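Asks: Dropping the structure in here first, questions after.
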Amino acid sequence: MPNLQMIFNSGKNPKWKYYLNANFRELIPSGLLRGKLDKLLLEIEKRPDADEIHQRASYYCKISGTDCNRWENIPLIHSAIRRTTIGEAKPTRQKVYYHDIMEYARYFAPELRLNFLPGDITYTPEIPAIVKSRPIAGENANSVLLNLDKVRHFIFPNDRLRFEDKKDNVLFRGKINGKPNRIAFMDQFFGKKGIDAGAIDMVPGHEDWHCEKLTLWQQLESKLIMALEGNDVASNLKWIMNSNSLAVTPRMRYETWFMEGTLRPGEHYVEVADDFSDLEEKAEYYLTHPAEAREIIQNANRYASKFKDKRREKLVSLLTLRNFLAAIN
């Protein structure tokens, strides 16, 4: 029998509410939305945060349309990129990607070309495409970020438990899924004092690592929480940074709409070595220097708060998409 408390008090965004809202939005005639686009884009210029909106849109979409035809005839061999138009776009197997793109794409003309690449993306595509995630390092201009799969990734809990009142430990709960960084972490720290490390999937040869899932609220009882990248980014980083716990992670390799590439170690999170060799030392430091821990937490909270203004997020999304569509059409 399912654990009802786990279902109803998980702290995660309810999928049923997400799909209800998405399906309702798509009942609105696209022509009505297109009629509002110019007014919405003009609103940006009248806002006190106009510069920030433009800066974020430029960060997400780094391409320009000066020679857009250079992408037209590039052959895509065995590529997962969807090349379609806005009006002809169809849901993929991962329906949240379609719904999240169309939330804003329906404000634009249906004949405009639209390239998107659903899933956990850790490479830069051959042609410009909308993605959820991209590499931080290197040339990544063809990866144009929108806030995709946000029902899973953008969770902002109201953490009322003070840092001082949390457990003096480091917590990791997550799927291992054969990821070398997570295997290395578990190898070193499973069962170690002061570190609560557990896998929620079964790992062949390491059945003892298996632990029951914890709700988000149960995880937030710990002072330090590991945010380890998996298929791409660590999906828990965003809600840790919105809480009264400290996010702990090696240097991040991938980023999403959260702009992980702009985060600074020691200011927004606690950075540890790739091999975790300094984890215990760093954990001990922040457990015994709560004032410094609280300062990082406050910085992280301020950073996360910029993504909570729904009106601004809509304007940034529309501007990013306008810049992208102008470049490829």
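Following the order of the structure tokens, first chain is A, next is B, and so on, with residues numbered from 1 inside each chain and ligands from 1 in the order they appear.
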Counting only C-alpha atoms, what is within 9 Å of Tyr123 in chain A, bar same-chain residues fewer than 4 positions away, as a PyMOL selection string?
Replies: chain A and resi 133-135+140+143
Asks: Next, dump the selected residues to file, keeping only N, CA and C atoms, as a PDB file, in the first residue's frame.
Replies:
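Contents of selection.pdb, freshly written:
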```pdb
ATOM      1  N   SER A 133      18.750  21.843 -20.594  1.00  0.00           N
ATOM      2  CA  SER A 133      20.063  21.891 -19.946  1.00  0.00           C
ATOM      3  C   SER A 133      21.158  21.942 -20.999  1.00  0.00           C
ATOM      4  N   ARG A 134      22.302  22.482 -20.590  1.00  0.00           N
ATOM      5  CA  ARG A 134      23.442  22.588 -21.507  1.00  0.00           C
ATOM      6  C   ARG A 134      24.733  22.579 -20.705  1.00  0.00           C
ATOM      7  N   PRO A 135      25.865  22.278 -21.364  1.00  0.00           N
ATOM      8  CA  PRO A 135      27.155  22.373 -20.680  1.00  0.00           C
ATOM      9  C   PRO A 135      27.455  23.825 -20.315  1.00  0.00           C
ATOM     10  N   ASN A 140      28.546  27.025 -26.193  1.00  0.00           N
ATOM     11  CA  ASN A 140      27.221  26.437 -25.979  1.00  0.00           C
ATOM     12  C   ASN A 140      26.101  27.284 -26.577  1.00  0.00           C
ATOM     13  N   SER A 143      22.725  25.937 -27.741  1.00  0.00           N
ATOM     14  CA  SER A 143      21.820  25.460 -26.684  1.00  0.00           C
ATOM     15  C   SER A 143      21.083  26.666 -26.112  1.00  0.00           C
TER      16      SER A 143
END
```
Asks: Would you give me, as a PyMOL selection string, the residues in range 58-225 of chain A that DSSP reads as strand (DSSP E or B)?
Replies: chain A and resi 82-85+113-116+129-131+134-135+143-145+167-174+195-199+210+222-225
Asks: Calculated over only C-alpha atoms, which of the candidates A:Phe116, A:Tyr254, A:Trp16, A:Phe190 has the smallest distance to Tyr98 in chain A?
Replies: A:Phe116
Asks: Name the residues of range 161-264 of chain A that come out as alpha helix (DSSP H) in a backbone DSSP run; write them as a list of chain:residue names.
Replies: A:Pro180, A:Asn181, A:Arg182, A:Ile183, A:Ala184, A:Phe185, A:Met186, A:Asp187, A:Gln188, A:Phe189, A:Leu216, A:Trp217, A:Gln218, A:Gln219, A:Leu237, A:Lys238, A:Trp239, A:Ile240, A:Met241
Asks: Measuring atom to atom with only C-alpha atoms, identify which of A:Ile176, A:Val170, A:Leu145, A:Ala184 is nearest to Glu284 in chain A.
Replies: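 Smallest separation from Glu284 in chain A among the options: A:Val170.
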Asks: So that I can see what lies close to Asp159 in chain A, please list as a list in words the residues with an atom at most 6 Å from it, counting only C-alpha atoms and leaving out residues fewer than 2 positions away in the same chain.
Replies: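 Near neighbours after the sequence-gap exclusion: Pro157, Leu161 and Ser243 of chain A.
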Asks: Near range 109-112 of chain A, within 12 Å and counting only C-alpha atoms, which residues show up once chain neighbours fewer than 5 positions away are dropped, as a ChimeraX atom specification?
Replies: /A:29-35,37,83-89,102,104,321-322,324-329
Asks: Give me the residues near range 312-316 of chain A as an MDAnalysis selection string, where near means some atom within 10 Å (using only C-alpha atoms) and where sequence neighbours in that chain fewer than 3 positions away do not count.
Replies: chainID A and resid 37 40:44 47 49:50 52:58 60 103:104 146:147 306:309 319:322
Asks: Please report, as JSON lines, each residue of range 80-155 of chain A lying at most 12 Å from range 207-229 of chain A, together with the nearest pair of atoms and the separation in Å rounded to one decimal; use only C-alpha atoms, and order rows by chain and ascending residue number.
Replies:
```
{"residue": "A:Asp120", "atom": "CA", "partner": "A:Glu229", "partner_atom": "CA", "distance": 11.3}
{"residue": "A:Thr122", "atom": "CA", "partner": "A:Glu229", "partner_atom": "CA", "distance": 11.1}
{"residue": "A:Ser133", "atom": "CA", "partner": "A:Glu229", "partner_atom": "CA", "distance": 11.8}
{"residue": "A:Ile155", "atom": "CA", "partner": "A:Leu216", "partner_atom": "CA", "distance": 9.9}
```
Asks: Do you know which residues are at most 7 Å from Ile195 in chain A counting only C-alpha atoms, after dropping those on the same chain fewer than 2 positions away, and could you put them as a tab-separated table (two decimals) with C-alpha atoms, in the first residue's frame?
Replies:
```tsv
chain	number	residue	atom	x	y	z
A	169	ASN	CA	24.96	16.01	9.34
A	170	VAL	CA	25.43	15.81	5.59
A	171	LEU	CA	22.56	14.15	3.72
A	189	PHE	CA	30.67	7.80	2.71
A	192	LYS	CA	30.24	7.03	7.81
A	193	LYS	CA	29.48	8.99	10.98
A	197	ALA	CA	24.06	8.59	2.52
```
Asks: I'd like the contact shell of Ile136 in chain A - 7 Å cut-off, only C-alpha atoms, skipping same-chain residues fewer than 4 positions apart - returned as a PDB file with C-alpha atoms, in the first residue's frame.
Replies:
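Generated output (around_15.pdb):
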```pdb
ATOM      1  CA  ARG A 253      29.219  21.054 -15.291  1.00  0.00           C
ATOM      2  CA  TYR A 254      25.686  21.750 -16.535  1.00  0.00           C
ATOM      3  CA  GLU A 255      23.106  24.486 -16.210  1.00  0.00           C
ATOM      4  CA  GLY A 261      26.866  28.776 -14.375  1.00  0.00           C
TER       5      GLY A 261
END
```
Asks: Record the distance separating CA of Val248 in chain A and CA of Lys175 in chain A, expressed in Å with one decimal.
Replies: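 Calculated distance between CA of Val248 in chain A and CA of Lys175 in chain A is 17.0 Å.
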